[in-house]
file input.tsv (TSV, C-alpha atoms)
chain	number	residue	atom	x	y	z
A	392	MET	CA	-3.94	14.16	-3.94
A	393	VAL	CA	-3.94	17.84	-3.00
A	394	VAL	CA	-7.16	19.89	-2.59
A	395	LEU	CA	-7.08	23.66	-2.04
A	396	GLU	CA	-9.92	25.51	-0.32
A	397	GLY	CA	-10.14	29.31	-0.20
A	398	ASP	CA	-8.28	31.99	-2.12
A	399	TRP	CA	-4.90	30.69	-3.32
A	400	ARG	CA	-2.44	31.93	-5.94
A	401	ALA	CA	0.87	30.76	-7.36
A	402	ALA	CA	3.75	33.12	-6.53
A	403	PRO	CA	7.56	32.87	-6.84
A	404	ILE	CA	9.49	32.85	-3.58
A	405	GLY	CA	13.22	32.57	-4.02
A	406	ASN	CA	13.92	29.93	-6.70
A	407	ALA	CA	10.61	28.09	-6.24
A	408	THR	CA	6.93	28.69	-6.94
A	409	TYR	CA	4.69	28.45	-3.88
A	410	MET	CA	0.95	28.27	-3.41
A	411	VAL	CA	0.27	31.40	-1.37
A	412	THR	CA	-2.83	32.63	0.46
A	413	ASP	CA	-3.78	35.62	2.61
A	414	ASP	CA	-7.25	34.15	3.23
A	415	PRO	CA	-7.64	33.52	6.99
A	416	ASP	CA	-10.00	30.61	6.25
A	417	ALA	CA	-7.89	28.94	3.54
A	418	ARG	CA	-6.82	25.33	3.90
A	419	ILE	CA	-5.03	22.63	1.96
A	420	ALA	CA	-5.84	18.91	2.23
A	421	ILE	CA	-3.12	16.40	1.32
A	422	THR	CA	-4.14	12.74	0.92
A	423	PHE	CA	-1.18	10.38	0.80
A	424	ASN	CA	-0.41	6.67	1.03
A	425	GLY	CA	2.45	6.09	3.42
A	426	HIS	CA	3.45	6.91	6.97
A	427	GLY	CA	4.28	10.59	6.60
A	428	VAL	CA	4.85	13.62	4.41
A	429	ARG	CA	7.46	16.33	4.28
A	430	ILE	CA	6.12	19.78	3.37
A	431	THR	CA	8.09	22.88	2.54
A	432	ARG	CA	6.56	26.10	3.84
A	433	ALA	CA	7.74	29.69	3.61
A	434	LEU	CA	8.56	32.02	6.48
A	435	GLY	CA	8.42	35.81	6.42
A	436	PRO	CA	7.59	38.99	8.32
A	437	ASP	CA	3.92	38.98	7.24
A	438	TYR	CA	3.15	35.28	7.81
A	439	GLY	CA	0.64	33.91	10.29
A	440	ILE	CA	-0.02	30.72	12.23
A	441	ALA	CA	-1.17	27.44	10.67
A	442	ALA	CA	-2.84	24.49	12.37
A	443	LEU	CA	-2.42	20.86	11.34
A	444	GLU	CA	-4.96	18.04	11.38
A	445	LEU	CA	-4.27	14.40	10.55
A	446	ASP	CA	-7.20	12.19	9.55
A	447	GLY	CA	-9.70	14.70	10.94
A	448	ALA	CA	-8.05	15.09	14.36
A	449	PRO	CA	-5.71	17.88	15.48
A	450	LEU	CA	-2.05	16.90	15.17
A	451	THR	CA	-0.46	17.00	18.62
A	452	GLU	CA	3.04	17.16	20.05
A	453	LEU	CA	4.47	16.71	23.52
A	454	VAL	CA	5.18	20.07	25.20
A	455	ASP	CA	6.32	20.15	28.84
A	456	GLY	CA	4.94	16.65	29.37
A	457	GLU	CA	1.53	17.45	27.89
A	458	LEU	CA	0.07	16.89	24.42
A	459	GLN	CA	-0.61	20.18	22.68
A	460	PRO	CA	-2.05	20.89	19.19
A	461	VAL	CA	0.66	21.68	16.66
A	462	GLN	CA	0.73	25.37	15.74
A	463	LEU	CA	3.14	26.38	12.99
A	464	ASP	CA	4.22	29.97	13.55
A	465	ASN	CA	5.55	31.04	10.15
A	466	VAL	CA	6.76	34.51	11.09
A	467	SER	CA	10.37	35.42	10.42
A	468	PRO	CA	12.11	38.79	10.49
A	469	GLU	CA	13.86	37.95	7.24
A	470	VAL	CA	12.55	37.76	3.70
A	471	ALA	CA	10.40	34.66	3.09
A	472	GLN	CA	12.48	31.49	2.98
A	473	ALA	CA	11.97	27.75	2.63
A	474	ASP	CA	11.50	25.75	5.82
A	475	PRO	CA	10.73	21.98	5.77
A	476	TYR	CA	8.34	20.35	8.23
A	477	THR	CA	7.70	16.63	8.64
A	478	VAL	CA	4.43	15.02	9.69
A	479	GLU	CA	4.34	11.33	10.58
A	480	ALA	CA	1.36	9.09	11.31
A	481	VAL	CA	2.09	7.01	14.41
A	482	THR	CA	0.10	4.74	16.68
A	483	LEU	CA	0.68	3.64	20.27
A	484	ASP	CA	0.77	-0.05	21.14
A	485	ALA	CA	-0.19	-1.60	24.48
A	486	ALA	CA	3.30	-0.94	25.84
A	487	GLY	CA	3.14	2.72	24.87
A	488	GLU	CA	5.66	2.33	22.06
A	489	GLU	CA	5.16	4.38	18.90
A	490	THR	CA	4.94	2.60	15.55
A	491	ARG	CA	4.56	4.17	12.13
A	492	ASP	CA	1.06	3.78	10.72
A	493	VAL	CA	1.56	3.03	7.03
A	494	GLY	CA	-1.62	3.56	5.00
A	495	VAL	CA	-3.84	6.20	3.45
A	496	HIS	CA	-3.96	9.41	5.50
A	497	THR	CA	-5.15	12.96	5.01
A	498	LEU	CA	-3.20	15.94	6.32
A	499	MET	CA	-5.05	19.26	6.61
A	500	ILE	CA	-3.05	22.49	6.84
A	501	ARG	CA	-5.38	25.30	7.94
A	502	ASN	CA	-4.73	29.01	8.09
A	503	THR	CA	-5.99	29.96	11.55
A	504	GLY	CA	-6.13	33.68	10.78
A	505	ALA	CA	-4.08	34.25	13.91
A	506	ARG	CA	-0.63	35.76	13.97
A	507	ASN	CA	2.35	36.36	16.15
A	508	PRO	CA	2.52	39.94	17.54
A	509	ASP	CA	5.75	40.35	15.56
A	510	SER	CA	3.96	39.53	12.28
A	511	THR	CA	2.28	42.05	10.00
A	512	GLY	CA	-0.06	39.59	8.26
A	513	VAL	CA	-1.59	36.10	8.16
A	514	ARG	CA	-0.05	34.83	4.94
A	515	MET	CA	0.61	31.11	4.41
A	516	ALA	CA	2.70	29.55	1.63
A	517	VAL	CA	3.31	25.88	0.79
A	518	ASP	CA	5.64	24.49	-1.87
A	519	LEU	CA	6.99	20.94	-2.05
A	520	ILE	CA	4.93	18.07	-0.67
A	521	GLU	CA	6.92	14.83	-0.51
A	522	VAL	CA	5.54	11.48	0.65
A	523	MET	CA	8.16	9.85	2.87
A	524	ALA	CA	9.40	6.41	1.91
A	525	PRO	CA	8.72	3.76	4.56
A	526	PRO	CA	11.78	2.90	6.64
A	527	ARG	CA	13.39	-0.36	5.67
A	528	GLN	CA	14.32	-2.87	8.32
A	529	ALA	CA	17.70	-4.35	7.38
A	530	ASN	CA	18.32	-7.82	8.81
A	531	ILE	CA	21.44	-9.46	7.44
A	532	LEU	CA	20.66	-12.81	9.11
A	533	ALA	CA	17.48	-13.28	7.08
A	534	PRO	CA	19.08	-13.08	3.60
A	535	LEU	CA	22.09	-15.09	4.76
A	536	GLY	CA	19.76	-17.78	6.11
A	537	ILE	CA	17.77	-17.81	2.89
A	538	LEU	CA	20.94	-18.11	0.80
A	539	LEU	CA	22.18	-20.99	2.99
A	540	VAL	CA	18.87	-22.83	2.68
A	541	ASN	CA	18.92	-22.15	-1.06
A	542	GLU	CA	22.40	-23.68	-1.35
A	543	VAL	CA	21.43	-26.80	0.60
A	544	VAL	CA	18.14	-27.27	-1.26
A	545	GLY	CA	19.84	-26.61	-4.61
A	546	LEU	CA	22.53	-29.20	-3.95
A	547	ALA	CA	19.97	-31.75	-2.76
A	548	VAL	CA	17.72	-31.22	-5.79
A	549	ALA	CA	20.67	-31.32	-8.20
A	550	TRP	CA	22.06	-34.51	-6.69
A	551	PHE	CA	18.93	-36.55	-5.99
A	552	VAL	CA	16.39	-35.23	-8.54
A	553	LEU	CA	18.02	-33.56	-11.55
A	554	GLN	CA	21.23	-35.55	-11.93
A	555	ARG	CA	19.89	-38.11	-14.39
A	556	PRO	CA	17.31	-35.97	-16.30
A	557	LEU	CA	19.85	-33.17	-16.90
A	558	ARG	CA	22.86	-35.36	-17.58
A	559	GLY	CA	22.42	-34.98	-21.33
A	560	LEU	CA	21.99	-31.20	-21.04
A	561	ALA	CA	25.15	-30.92	-18.95
A	562	ALA	CA	27.06	-32.98	-21.49
A	563	SER	CA	25.91	-30.67	-24.30
A	564	MET	CA	26.81	-27.50	-22.38
A	565	THR	CA	29.80	-26.23	-24.32
A	566	THR	CA	31.94	-23.29	-23.25
A	567	LYS	CA	30.11	-20.95	-25.61
A	568	ARG	CA	26.68	-22.07	-24.39
A	569	ALA	CA	27.72	-21.66	-20.77
A	570	ILE	CA	28.86	-18.08	-21.46
A	571	LEU	CA	25.58	-17.33	-23.28
A	572	LEU	CA	23.64	-18.70	-20.29
A	573	ALA	CA	25.65	-16.39	-18.02
A	574	LEU	CA	24.73	-13.41	-20.23
A	575	VAL	CA	21.05	-14.36	-19.97
A	576	ILE	CA	21.36	-14.40	-16.17
A	577	TYR	CA	23.15	-11.03	-16.23
A	578	ALA	CA	20.28	-9.60	-18.32
A	579	ALA	CA	17.76	-11.01	-15.81
A	580	VAL	CA	19.72	-9.35	-13.00
A	581	ALA	CA	19.56	-5.98	-14.79
A	582	ALA	CA	15.82	-6.37	-15.42
A	583	TRP	CA	15.21	-7.27	-11.78
A	584	GLY	CA	17.37	-4.35	-10.69
A	585	PHE	CA	14.95	-2.04	-12.50
A	586	VAL	CA	12.16	-2.99	-10.04
A	587	LEU	CA	14.36	-3.75	-7.00
A	588	ASP	CA	12.66	-2.52	-3.82
A	589	SER	CA	13.92	-4.44	-0.79
A	590	VAL	CA	17.10	-5.53	0.95
A	591	LEU	CA	16.19	-9.20	0.44
A	592	GLU	CA	15.90	-8.69	-3.33
A	593	PHE	CA	19.31	-7.05	-3.32
A	594	TRP	CA	20.85	-10.11	-1.64
A	595	LEU	CA	19.11	-12.45	-4.07
A	596	LEU	CA	20.46	-10.43	-7.01
A	597	ALA	CA	23.92	-10.57	-5.49
A	598	PHE	CA	23.55	-14.35	-5.24
A	599	MET	CA	22.54	-14.56	-8.92
A	600	VAL	CA	25.58	-12.52	-9.94
A	601	ALA	CA	27.81	-14.72	-7.77
A	602	THR	CA	26.60	-17.86	-9.57
A	603	VAL	CA	27.93	-16.64	-12.92
A	604	GLN	CA	30.53	-13.94	-12.25
A	605	GLY	CA	33.60	-16.08	-11.69
A	606	GLY	CA	32.60	-18.88	-14.04
A	607	SER	CA	31.75	-16.59	-16.97
A	608	GLN	CA	35.06	-14.75	-16.69
A	609	ALA	CA	37.05	-17.98	-16.45
A	610	LEU	CA	35.18	-19.55	-19.36
A	611	SER	CA	35.60	-16.47	-21.56
A	612	ARG	CA	39.36	-16.53	-20.99
A	613	SER	CA	39.45	-20.27	-21.63
A	614	LEU	CA	37.53	-19.92	-24.89
A	615	TYR	CA	39.72	-17.02	-26.00
A	616	ALA	CA	42.90	-18.92	-25.11
A	617	SER	CA	41.79	-21.97	-27.12
A	618	MET	CA	41.58	-19.78	-30.23
A	619	SER	CA	44.84	-17.90	-29.59
A	620	PRO	CA	48.18	-19.03	-31.03
A	621	ALA	CA	50.44	-20.07	-28.16
A	622	ALA	CA	53.33	-18.27	-29.83
A	623	LYS	CA	51.41	-14.98	-29.76
A	624	SER	CA	49.60	-15.34	-26.44
A	625	GLY	CA	51.08	-12.09	-25.15
A	626	GLU	CA	49.73	-10.11	-28.09
A	627	PHE	CA	46.29	-11.73	-27.98
A	628	PHE	CA	45.81	-11.39	-24.23
A	629	GLY	CA	47.13	-7.84	-24.34
A	630	PHE	CA	44.34	-7.05	-26.79
A	631	PHE	CA	41.92	-8.97	-24.56
A	632	SER	CA	42.94	-6.89	-21.54
A	633	VAL	CA	42.57	-3.58	-23.41
A	634	SER	CA	39.15	-4.63	-24.74
A	635	GLU	CA	38.09	-5.59	-21.23
A	636	LYS	CA	39.03	-2.14	-19.94
A	637	PHE	CA	36.69	-0.55	-22.48
A	638	ALA	CA	33.78	-2.17	-20.64
A	639	GLY	CA	34.74	-0.01	-17.67
A	640	ILE	CA	34.38	3.04	-19.93
A	641	ILE	CA	31.35	2.20	-22.08
A	642	GLY	CA	29.23	0.95	-19.18
A	643	PRO	CA	29.50	4.12	-17.04
A	644	ILE	CA	28.98	6.30	-20.15
A	645	ILE	CA	25.72	4.52	-21.00
A	646	PHE	CA	24.69	4.59	-17.35
A	647	GLY	CA	25.34	8.34	-17.04
A	648	LEU	CA	23.65	9.19	-20.35
A	649	VAL	CA	20.48	7.30	-19.44
A	650	ILE	CA	20.34	8.98	-16.01
A	651	GLY	CA	20.76	12.37	-17.71
A	652	LEU	CA	18.01	11.63	-20.23
A	653	THR	CA	15.72	10.42	-17.45
A	654	ALA	CA	16.33	13.61	-15.47
A	655	ALA	CA	15.65	15.75	-18.56
A	656	ALA	CA	12.40	13.90	-19.32
A	657	THR	CA	10.97	13.57	-15.80
A	658	GLY	CA	12.84	16.18	-13.79
A	659	THR	CA	14.08	13.49	-11.40
A	660	PRO	CA	17.27	11.49	-12.05
A	661	SER	CA	16.80	7.77	-11.47
A	662	PRO	CA	19.33	4.92	-11.71
A	663	ARG	CA	16.63	2.32	-12.47
A	664	PRO	CA	16.37	2.96	-16.25
A	665	ALA	CA	20.17	3.16	-16.36
A	666	VAL	CA	20.46	-0.31	-14.81
A	667	LEU	CA	17.95	-1.63	-17.33
A	668	SER	CA	19.87	-0.08	-20.24
A	669	LEU	CA	22.88	-2.29	-19.51
A	670	ILE	CA	20.93	-5.19	-21.02
A	671	VAL	CA	21.94	-3.77	-24.40
A	672	LEU	CA	25.57	-4.70	-23.69
A	673	PHE	CA	24.61	-8.29	-22.86
A	674	ILE	CA	22.47	-8.60	-25.98
A	675	VAL	CA	25.21	-7.24	-28.25
A	676	GLY	CA	27.84	-9.40	-26.58
A	677	GLY	CA	25.68	-12.52	-26.86
A	678	PHE	CA	24.96	-11.83	-30.53
A	679	LEU	CA	28.66	-11.40	-31.35
A	680	LEU	CA	29.48	-14.58	-29.44
A	681	THR	CA	26.97	-16.58	-31.50
A	682	ARG	CA	28.87	-15.51	-34.64
A	683	VAL	CA	32.15	-16.97	-33.37
A	684	ASP	CA	33.28	-20.18	-35.09
A	685	GLU	CA	35.23	-21.96	-32.35
A	686	GLU	CA	36.52	-24.78	-34.52
A	687	ALA	CA	37.79	-22.40	-37.20
A	688	GLY	CA	39.47	-20.29	-34.52
A	689	ARG	CA	41.26	-23.28	-33.01
A	690	ARG	CA	42.32	-24.50	-36.46
A	691	ILE	CA	43.78	-21.13	-37.42
A	692	ALA	CA	45.59	-20.94	-34.06
A	693	ARG	CA	47.15	-24.37	-34.65
A	694	GLU	CA	48.17	-23.39	-38.17
A	695	GLU	CA	49.77	-20.19	-36.89
A	696	ASP	CA	51.70	-22.11	-34.23
A	697	ALA	CA	52.87	-24.63	-36.84
A	698	ARG	CA	53.96	-21.82	-39.19
A	699	PHE	CA	55.86	-20.11	-36.38
A	700	ILE	CA	57.62	-23.36	-35.45
A	701	ASP	CA	58.56	-23.96	-39.11
A	702	VAL	CA	60.02	-20.48	-39.36
A	703	GLU	CA	62.09	-21.07	-36.26

call {"tool": "encode", "arguments": {"input": "input.tsv", "output": "structure tokens"}}
result
Amino acid sequence: MVVLEGDWRAAPIGNATYMVTDDPDARIAITFNGHGVRITRALGPDYGIAALELDGAPLTELVDGELQPVQLDNVSPEVAQADPYTVEAVTLDAAGEETRDVGVHTLMIRNTGARNPDSTGVRMAVDLIEVMAPPRQANILAPLGILLVNEVVGLAVAWFVLQRPLRGLAASMTTKRAILLALVIYAAVAAWGFVLDSVLEFWLLAFMVATVQGGSQALSRSLYASMSPAAKSGEFFGFFSVSEKFAGIIGPIIFGLVIGLTAAATGTPSPRPAVLSLIVLFIVGGFLLTRVDEEAGRRIAREEDARFIDVE
């Protein structure tokens, strides 16, 4: 939330529109939820000095071994230009180490009315205010440990608990059904990717893909081979290979189009809707697979092989 106090106006500076004030008592309060914000201010020959306060207390910095209030001198001999400045909320622990204080904070930017002797005014201009994303702590041992435990627990449950109850289901799991199950898992991966927000989730998604990636590809080739005449395997698998390459074209096209549409609608390109859009491919592929008559395909392949042998 941004609250302006004093006399402000919107004015173009360069390629952006800034909130500008010449009021020596003007201020802007920025309430954010996070550990810091990045603001873009303007510099120029008639700009003054701004003071910063965080959560009601003056923002300080270490200067020559002493803490001093932050004073932003915005004067510049050149025409006004963008200049980013980052403010972070930190706390000191018992050992004197700084840690980022993630939470709700309020940053106050105040026009002090003072100016550098080289300045001809006390103007202040603020443009972009961006809440900084919290830093992510990557620990590869944690996801690897979780995946190992998952493997051990999964094997134990499958062997000692689910072996008998799911024996009938396993027996009924045909090649087609196994491929359809893989497509369902792929769709779940895409849906989860839409809300993915941590390293651990990324590893879990990678694990889900790994459970079906190799098997689904092998099963699809096996199913296709069972319905292909042995005498024309080169022709059929040539077509299969060409069709497979189209996935490498259609997927990126859909991905790029959705990112472009997202950028046009919101002003910010995002890969999340593009990841979600890939579910369409899994739905279409699953639907087409349900229309395949395996027995008829195998019968026609056998008839074609028999006809070819008779001709020879």

call {"tool": "closest_residue", "arguments": {"input": "input.tsv", "among": "A:Ile531, A:Val586, A:Val466, A:Leu672", "to": "Ile645 (chain A)", "atoms": "only C-alpha atoms"}}
result
A:Leu672

call {"tool": "closest_residue", "arguments": {"input": "input.tsv", "among": "A:Ala480, A:Ala622, A:Ile419, A:Val394", "to": "Asp446 (chain A)", "atoms": "all atoms listed in the file"}}
result
A:Ala480

call {"tool": "residues_around", "arguments": {"input": "input.tsv", "residues": "Ser611 (chain A)", "least_positions_apart": "5", "cutoff": "12 Å", "atoms": "only C-alpha atoms", "output": "PDB file with C-alpha atoms, in the frame of the given file"}}
result
ATOM      1  CA  THR A 565      29.800 -26.230 -24.320  1.00  0.00           C
ATOM      2  CA  THR A 566      31.940 -23.290 -23.250  1.00  0.00           C
ATOM      3  CA  LYS A 567      30.110 -20.950 -25.610  1.00  0.00           C
ATOM      4  CA  ARG A 568      26.680 -22.070 -24.390  1.00  0.00           C
ATOM      5  CA  ALA A 569      27.720 -21.660 -20.770  1.00  0.00           C
ATOM      6  CA  ILE A 570      28.860 -18.080 -21.460  1.00  0.00           C
ATOM      7  CA  LEU A 571      25.580 -17.330 -23.280  1.00  0.00           C
ATOM      8  CA  ALA A 573      25.650 -16.390 -18.020  1.00  0.00           C
ATOM      9  CA  LEU A 574      24.730 -13.410 -20.230  1.00  0.00           C
ATOM     10  CA  VAL A 603      27.930 -16.640 -12.920  1.00  0.00           C
ATOM     11  CA  GLN A 604      30.530 -13.940 -12.250  1.00  0.00           C
ATOM     12  CA  GLY A 605      33.600 -16.080 -11.690  1.00  0.00           C
ATOM     13  CA  GLY A 606      32.600 -18.880 -14.040  1.00  0.00           C
ATOM     14  CA  ALA A 616      42.900 -18.920 -25.110  1.00  0.00           C
ATOM     15  CA  SER A 617      41.790 -21.970 -27.120  1.00  0.00           C
ATOM     16  CA  MET A 618      41.580 -19.780 -30.230  1.00  0.00           C
ATOM     17  CA  PHE A 628      45.810 -11.390 -24.230  1.00  0.00           C
ATOM     18  CA  PHE A 631      41.920  -8.970 -24.560  1.00  0.00           C
ATOM     19  CA  GLU A 635      38.090  -5.590 -21.230  1.00  0.00           C
ATOM     20  CA  GLY A 676      27.840  -9.400 -26.580  1.00  0.00           C
ATOM     21  CA  GLY A 677      25.680 -12.520 -26.860  1.00  0.00           C
ATOM     22  CA  LEU A 680      29.480 -14.580 -29.440  1.00  0.00           C
TER      23      LEU A 680
END

call {"tool": "residues_around", "arguments": {"input": "input.tsv", "residues": "region 473-476 of chain A", "least_positions_apart": "4", "cutoff": "7 Å", "atoms": "only C-alpha atoms", "output": "PDB file with C-alpha atoms, keeping the file's coordinate frame"}}
result
ATOM      1  CA  ARG A 429       7.460  16.330   4.280  1.00  0.00           C
ATOM      2  CA  ILE A 430       6.120  19.780   3.370  1.00  0.00           C
ATOM      3  CA  THR A 431       8.090  22.880   2.540  1.00  0.00           C
ATOM      4  CA  ARG A 432       6.560  26.100   3.840  1.00  0.00           C
ATOM      5  CA  ALA A 433       7.740  29.690   3.610  1.00  0.00           C
ATOM      6  CA  LEU A 434       8.560  32.020   6.480  1.00  0.00           C
TER       7      LEU A 434
END

call {"tool": "atom_distance", "arguments": {"input": "input.tsv", "atom1": "CA of Trp594 (chain A)", "atom2": "CA of Leu610 (chain A)"}}
result
24.7 Å

call {"tool": "closest_residue", "arguments": {"input": "input.tsv", "among": "A:Leu538, A:Leu546, A:Val411, A:Val600", "to": "Asp518 (chain A)", "atoms": "all atoms listed in the file"}}
result
A:Val411

call {"tool": "closest_residue", "arguments": {"input": "input.tsv", "among": "A:Trp399, A:Phe673, A:Trp583, A:Tyr615", "to": "Gly642 (chain A)", "atoms": "only C-alpha atoms"}}
result
A:Phe673

call {"tool": "atom_distance", "arguments": {"input": "input.tsv", "atom1": "CA of Gly512 (chain A)", "atom2": "CA of Glu396 (chain A)"}}
result
19.2 Å

call {"tool": "residues_around", "arguments": {"input": "input.tsv", "residues": "Met410 (chain A)", "least_positions_apart": "6", "cutoff": "6 Å", "atoms": "only C-alpha atoms", "output": "number ranges by chain"}}
result
A: 400-401, 516-517

call {"tool": "atom_distance", "arguments": {"input": "input.tsv", "atom1": "CA of Thr477 (chain A)", "atom2": "CA of Ile500 (chain A)"}}
result
12.4 Å

call {"tool": "closest_residue", "arguments": {"input": "input.tsv", "among": "A:Pro460, A:Gly651, A:Gly639, A:Pro415", "to": "Thr503 (chain A)", "atoms": "only C-alpha atoms"}}
result
A:Pro415

call {"tool": "closest_residue", "arguments": {"input": "input.tsv", "among": "A:Gly439, A:Gly559, A:Trp550, A:Val495", "to": "Pro508 (chain A)", "atoms": "all atoms listed in the file"}}
result
A:Gly439

call {"tool": "residues_near_point", "arguments": {"input": "input.tsv", "point": "(0.5, 6.4, 7.1)", "cutoff": "12 Å", "atoms": "all atoms listed in the file", "output": "list in words"}}
result
Thr422, Phe423, Asn424, Gly425, His426, Gly427, Val428, Leu445, Asp446, Val478, Glu479, Ala480, Val481, Thr482, Thr490, Arg491, Asp492, Val493, Gly494, Val495, His496, Thr497, Leu498, Val522, Met523, Ala524, Pro525 and Pro526 of chain A

call {"tool": "residues_around", "arguments": {"input": "input.tsv", "residues": "Ala597 (chain A)", "least_positions_apart": "2", "cutoff": "12 Å", "atoms": "all atoms listed in the file", "output": "list of chain:residue names"}}
result
A:Pro534, A:Leu535, A:Leu538, A:Ile576, A:Tyr577, A:Val580, A:Ala581, A:Trp583, A:Gly584, A:Leu587, A:Val590, A:Leu591, A:Glu592, A:Phe593, A:Trp594, A:Leu595, A:Met599, A:Val600, A:Ala601, A:Thr602, A:Val603, A:Gln604

call {"tool": "build_atoms", "arguments": {"input": "input.tsv", "residues": "region 649-665 of chain A", "atoms": "N, CA and C atoms", "output": "PDB file, in the frame of the given file"}}
result
ATOM      1  N   VAL A 649      21.871   7.659 -19.698  1.00  0.00           N
ATOM      2  CA  VAL A 649      20.480   7.300 -19.440  1.00  0.00           C
ATOM      3  C   VAL A 649      19.947   8.053 -18.217  1.00  0.00           C
ATOM      4  N   ILE A 650      20.766   8.209 -17.176  1.00  0.00           N
ATOM      5  CA  ILE A 650      20.340   8.980 -16.010  1.00  0.00           C
ATOM      6  C   ILE A 650      20.075  10.437 -16.410  1.00  0.00           C
ATOM      7  N   GLY A 651      20.962  10.994 -17.251  1.00  0.00           N
ATOM      8  CA  GLY A 651      20.760  12.370 -17.710  1.00  0.00           C
ATOM      9  C   GLY A 651      19.495  12.528 -18.526  1.00  0.00           C
ATOM     10  N   LEU A 652      19.229  11.566 -19.423  1.00  0.00           N
ATOM     11  CA  LEU A 652      18.010  11.630 -20.230  1.00  0.00           C
ATOM     12  C   LEU A 652      16.767  11.474 -19.362  1.00  0.00           C
ATOM     13  N   THR A 653      16.844  10.607 -18.361  1.00  0.00           N
ATOM     14  CA  THR A 653      15.720  10.420 -17.450  1.00  0.00           C
ATOM     15  C   THR A 653      15.433  11.702 -16.677  1.00  0.00           C
ATOM     16  N   ALA A 654      16.494  12.359 -16.207  1.00  0.00           N
ATOM     17  CA  ALA A 654      16.330  13.610 -15.470  1.00  0.00           C
ATOM     18  C   ALA A 654      15.728  14.699 -16.367  1.00  0.00           C
ATOM     19  N   ALA A 655      16.176  14.736 -17.632  1.00  0.00           N
ATOM     20  CA  ALA A 655      15.650  15.750 -18.560  1.00  0.00           C
ATOM     21  C   ALA A 655      14.177  15.503 -18.881  1.00  0.00           C
ATOM     22  N   ALA A 656      13.779  14.223 -18.943  1.00  0.00           N
ATOM     23  CA  ALA A 656      12.400  13.900 -19.320  1.00  0.00           C
ATOM     24  C   ALA A 656      11.429  14.001 -18.150  1.00  0.00           C
ATOM     25  N   THR A 657      11.875  13.618 -16.952  1.00  0.00           N
ATOM     26  CA  THR A 657      10.970  13.570 -15.800  1.00  0.00           C
ATOM     27  C   THR A 657      11.273  14.609 -14.737  1.00  0.00           C
ATOM     28  N   GLY A 658      12.459  15.217 -14.816  1.00  0.00           N
ATOM     29  CA  GLY A 658      12.840  16.180 -13.790  1.00  0.00           C
ATOM     30  C   GLY A 658      13.482  15.543 -12.580  1.00  0.00           C
ATOM     31  N   THR A 659      13.503  14.209 -12.531  1.00  0.00           N
ATOM     32  CA  THR A 659      14.080  13.490 -11.400  1.00  0.00           C
ATOM     33  C   THR A 659      15.034  12.430 -11.906  1.00  0.00           C
ATOM     34  N   PRO A 660      16.340  12.532 -11.603  1.00  0.00           N
ATOM     35  CA  PRO A 660      17.270  11.490 -12.050  1.00  0.00           C
ATOM     36  C   PRO A 660      16.997  10.175 -11.325  1.00  0.00           C
ATOM     37  N   SER A 661      17.042   9.076 -12.058  1.00  0.00           N
ATOM     38  CA  SER A 661      16.800   7.770 -11.470  1.00  0.00           C
ATOM     39  C   SER A 661      17.768   6.751 -12.046  1.00  0.00           C
ATOM     40  N   PRO A 662      18.398   5.930 -11.200  1.00  0.00           N
ATOM     41  CA  PRO A 662      19.330   4.920 -11.710  1.00  0.00           C
ATOM     42  C   PRO A 662      18.631   3.689 -12.275  1.00  0.00           C
ATOM     43  N   ARG A 663      17.330   3.536 -12.044  1.00  0.00           N
ATOM     44  CA  ARG A 663      16.630   2.320 -12.470  1.00  0.00           C
ATOM     45  C   ARG A 663      16.653   2.139 -13.996  1.00  0.00           C
ATOM     46  N   PRO A 664      16.268   3.148 -14.790  1.00  0.00           N
ATOM     47  CA  PRO A 664      16.370   2.960 -16.250  1.00  0.00           C
ATOM     48  C   PRO A 664      17.804   2.739 -16.701  1.00  0.00           C
ATOM     49  N   ALA A 665      18.763   3.337 -15.994  1.00  0.00           N
ATOM     50  CA  ALA A 665      20.170   3.160 -16.360  1.00  0.00           C
ATOM     51  C   ALA A 665      20.598   1.715 -16.147  1.00  0.00           C
TER      52      ALA A 665
END
